[in-house]
Amino acid sequence: MGSEVRVRFAPSPTGYPHVGNIRTALFNWLFARHNKGVFILRIEDTDQERKVEGATEIIMESLGWLGMDWDEGPFFQSHRLDMYKKYAEQLVTEDKAYYCFCSSERLDAMRKDQAARKLPPGYDRRCRCLSNEQIETEKARGIVPVVRFKSPTEGQTSITDLIRGEVIFENSLMDDFVLLKSDGYPTYHLANIVDDHYMNISHVMRAEEWLSSTPRHILLYAALGWKPPQFAHLPMILGPDKSKLSKRHGATAINEYQNEGYLPETMINFLALLGWSLDDKTEIMSREEIIANFSVERVSKTAAVFNKDKLEWMNGVYIRNLSIDDFTERCLPFVERRLPPEVKRPIDAGYLKQIAPLVQERAKTLNEVPQLVDFLFVNKLEYDTIILQGKLDKVQAVVVLEKSISMLEKLEGWDSDIMEKAIRPLSDELSMKVGPFFSVLRVAITGRTASPPLFQTMAVLGRARCMERLKAALQKIKS
RNA sequence: GGCGCAUUCGUCUAGGGGUUUAGGACGCUGCCCUCUCAAGGCAGAGAUCACCGGUUCGAAUCCGGUAUGCGCUACCA
C-alpha cells in the first residue's frame with residue numbers, strides 16, 4: 001500500500017481562506033478523489049502572532065460549503081510541539097543543526113548591512129560553531145536559543161517537480177534557516193516535514209511560492225533519513241494587474257463569494273479551470289466529471305488572472321440549470337436578508353417559487369435576486385412619473401392605461417395568455433407599437449422599465465394588486 | 001542585488017516539430033429572436049505564439065541568450 005495517494009490541505013488559521021488557498025485545497029482534493037486516495041486536513045498553527053480565533057472553524061465551513069470532505073483530521077500542529085522539538089534536538093545531537101543565540105536586533109542589523117553592501121541576505125552563521133562552553137554561558141544569561149539547520153555549503157540540491165520538471169539549486173546559496181523558534185514552536189519547514197512524514201503524505205501540492213524553499217525541505221528529509229514525497233507546485237492566482245490576488249482587487253476570501261451569491265458548484269468548476277483544463281473546449285463540468293478527469297499532467301505552469309466576468313457568466317449558467325425548487329430554496333436566504341425591511345417576514349416561500357421562473361434566467365448571482373423581485377413584494381411602488389409614458393406623450397399614456405384597465409376588468413381569468421390576447425390588440429387599435437404600449441403597463445406594474453415578461457409578471461402579482469397599480473399609475477400621470 | 005519559475009487573442013486556455021489560414025470560452029461589437037431586460041442563435045473584431053539567434057527540409061512546439069513579469073530571499077506560512 002506504499003503507492004497509496006495521500007495528500008493534505010494545510011492552511012494556517014489566519015482568517016478567511018483566500019481563493020488561492022481554496023484552489024490549492026481543491027486540486028489536492030481532486031487529486032485524492034481521482035486516485036481514490038486520502039485527503040487530510042491539517043491546521044498549521046505554528047505562528048502564534050498571526051493566529052486568528054475561529055479561523056479553523058471558518059476554514060472547515062468553507063470546505064464544507066464547497067463539498068470538499070476530508071478523510072483525516074483536522075490535525076493541529078500546536079498539539080504536536082513535543083514531536084518537533086524532539087527532532088530539532090535530534091538534529092542538534094547529530095550535528096546537523098545548532099543553537100543560535102543571536103537577537104533579532106542583531107539579525108536586523110546584519111540584514112541591513114548586507115543590503116547596504118549589496119550582499120545576498122542570509123544568516124551569517126555566527127553561532128554555527130559555538131563551543132559547548134559558549135552555549136552554556138549564553139544559556140546561563142537566560143537567552144533562549146532557536147535551532148538552526150546546518151545547511152551544506154557546497155553541492156547542489158535538485159527536485160523533480162511534477163509540474164515544472166527538474167529544478168536545481170546551489171547549496172551555497174542556502175542559509176541556515178530556523179527550525180525551532182524560541183517560543184518552542186517549529187517553523188513551517190520543520191513542522192511540515194515532520195508531519196508530512198508521519199502522515200505518510202505521498203504528494204505535496206502547494207502554491208508556486210513554495211518552490212524556492214523546497215530544497216530546504218529536501219535537505220531536511222535527508223538529514224532526518226526520510227524519503228521525501230513528490231512535489232507539484234501549482235501556478236498562482238493573480239489580480240487583474242497581474243500581481244498576487246489581494247484585497248485591493250476586490251473579494252479574495254471564499255466566503256465573500258458565498259455571500260455575493262455564487263454557487264459552490266460554480267466555484268468548484270471555475271477554480272478547477274484556473275490552472276487546469278480538460279481539453280480545448282469543455283468548460284462546464286460537474287464535480288464528478290472533474291474528479292474523473294483531473295490529472296497533474298494537465299495543470300498549467302503559468303499563473304492565472306482571476307477573471308470575475310467569467311465567474312459571473314459561469315454562475316449564471318449554473319443558476320439557469322437549477323430546478324425551480326432548488327433555485328427557490330437557494331434564493332430564500334438572500335431574499336430574506338435583502339428585501340426592504342417593510343416586507344413582512346418570513347418571506348412566503350410558495351410565492352417566491354411562483355416568482356422564481358421569472359428571474360432565474362436573469363440572475364447572475366443569488367444576491368441580485370432581491371433587487372430583481374422586490375417590486376413583487378412591496379406595497380407601494382416608487383418611480384418617476386416621467387418613465388411611465390416612455391416614448392409616448394402624456395395623453396397617449398393615459399389612453400393606454402384607461403383602455404387596458406377597462407379591458408382587464410372585463411376579463412374572466414387572470415392567466416398570462418388570456419391577458420396578452422386581450423391587451424395586445426389594443427396597441428393596434430390605437431395604432432401604437434407594442435413596445436411603447438407595453439412599456440406604460442410595465443412601469444405601472446413594476447415601477448421600472450426593465451422587468452420579466454409583462455403578463456407573466458402580472459399573473460404572479462395577482463389581479464387585485466395589478467388593478468390597484470394600474471389605477472395608481474393613472475392617477476399619478478393625470479395629476 | 002541573488003536565486004528560482006514563467007511568457008499563445010484584454011482575460012482563462014487548447015495545442016508538445018509538418019493535420020494551424022493558431023482552436024474554444026469570457027468580455028466586446030453587429031445582426032436575428034423579442035413587450036423591456038435577460039437568455040438563446042448567428043456573425044465579427046481581437047494572437048507577427050515576448051524578443052533575438054540556433055537546430056531542422058520544416059518551430060508556437062526543441063536548444064541558447066535577452067527582455068519582461070512574478071515568487072522566494074523572516075524566530076510568516
# chains A, B, ... in the order shown; residues from 1 in each chain; ligands from 1
>>> residues_around(residues="Leu278 of chain A", least_positions_apart="4", cutoff="9 Å", atoms="only C-alpha atoms (C1' of nucleotides)", output="list of chain:residue names")
A:Leu273, A:Thr282, A:Glu283, A:Ile290, A:Asn293, A:Phe294, A:Ser295, A:Arg298
>>> closest_atom_pairs(of="chain A", to="chain B", cutoff="6 Å", atoms="only C-alpha atoms (C1' of nucleotides)", output="CSV")
residue,atom,partner,partner_atom,distance
A:Lys118,CA,B:G1,C1',5.5
A:Pro120,CA,B:G2,C1',5.5
A:Lys181,CA,B:C75,C1',4.5
A:Glu209,CA,B:G71,C1',5.2
A:Ser212,CA,B:C72,C1',5.4
A:Asp280,CA,B:A14,C1',4.0
A:Lys281,CA,B:G24,C1',4.6
A:Thr302,CA,B:A6,C1',5.9
A:Lys310,CA,B:C26,C1',4.6
A:Glu361,CA,B:A39,C1',5.9
A:Arg362,CA,B:A38,C1',4.8
A:Gly435,CA,B:C35,C1',5.2
A:Phe438,CA,B:C35,C1',5.4
A:Ala450,CA,B:C37,C1',4.7
A:Ser451,CA,B:C37,C1',5.7
>>> select_by_dssp(residues="segment 107-303 of chain A", states="helix (DSSP H, G or I)", output="JSON, numbers by chain")
{"A": [107, 108, 109, 110, 111, 112, 113, 114, 115, 116, 132, 133, 134, 135, 136, 137, 138, 139, 140, 171, 172, 173, 188, 189, 190, 191, 192, 193, 194, 195, 196, 197, 198, 208, 209, 210, 211, 212, 213, 214, 215, 216, 217, 218, 219, 220, 221, 222, 223, 224, 247, 248, 249, 254, 255, 256, 257, 258, 259, 264, 265, 266, 267, 268, 269, 270, 271, 272, 287, 288, 289, 290, 291, 292, 293, 296, 297, 298]}
>>> atom_distance(atom1="atom CA of Ala191 of chain A", atom2="atom CA of Met236 of chain A")
23.3 Å
>>> residues_around(residues="Gly261 of chain A", least_positions_apart="6", cutoff="7 Å", atoms="only C-alpha atoms (C1' of nucleotides)", output="short mmCIF file (atom, residue, chain, number, x, y, z; two decimals) with N, CA and C atoms, in the first residue's frame")
data_model
loop_
_atom_site.label_atom_id
_atom_site.label_comp_id
_atom_site.auth_asym_id
_atom_site.auth_seq_id
_atom_site.Cartn_x
_atom_site.Cartn_y
_atom_site.Cartn_z
N THR A 365 -26.12 36.20 -10.04
CA THR A 365 -25.81 35.76 -8.68
C THR A 365 -27.11 35.73 -7.88
N LEU A 366 -27.13 34.95 -6.83
CA LEU A 366 -28.32 34.88 -5.98
C LEU A 366 -28.56 36.21 -5.28
N ASN A 367 -27.47 36.92 -5.10
CA ASN A 367 -27.53 38.17 -4.38
C ASN A 367 -28.31 39.24 -5.12
#
>>> atom_distance(atom1="atom C1' of A47 of chain B", atom2="atom C1' of A60 of chain B")
10.5 Å
>>> select_by_dssp(residues="segment 243-404 of chain A", states="strand (DSSP E or B)", output="list in words")
Lys244, Ala253, Trp276, Val299, Ala304 and Val305 of chain A
>>> atom_distance(atom1="atom CA of Leu219 of chain A", atom2="atom CA of Thr160 of chain A")
13.8 Å
>>> residues_around(residues="segment 337-339 of chain A", least_positions_apart="6", cutoff="8 Å", atoms="only C-alpha atoms (C1' of nucleotides)", output="list in words")
Pro370, Gln371 and Asp374 of chain A
>>> residues_around(residues="G16 of chain B", least_positions_apart="5", cutoff="12 Å", atoms="only C-alpha atoms (C1' of nucleotides)", output="VMD selection string")
chain B and resid 59 to 62
>>> write_last_selection(atoms="C-alpha atoms (C1' of nucleotides)", output="PDB file, in the first residue's frame")
ATOM      1  C1'   A B  59       9.393  25.506 -34.944  1.00  0.00           C
ATOM      2  C1'   A B  60       4.123  28.357 -31.237  1.00  0.00           C
ATOM      3  C1'   U B  61       6.165  23.468 -30.494  1.00  0.00           C
ATOM      4  C1'   C B  62      13.401  21.572 -29.389  1.00  0.00           C
TER       5        C B  62
END
>>> closest_residue(among="A:Ala349, A:Ala88, A:Tyr262, A:Glu288", to="Glu368 of chain A", atoms="only C-alpha atoms")
A:Tyr262
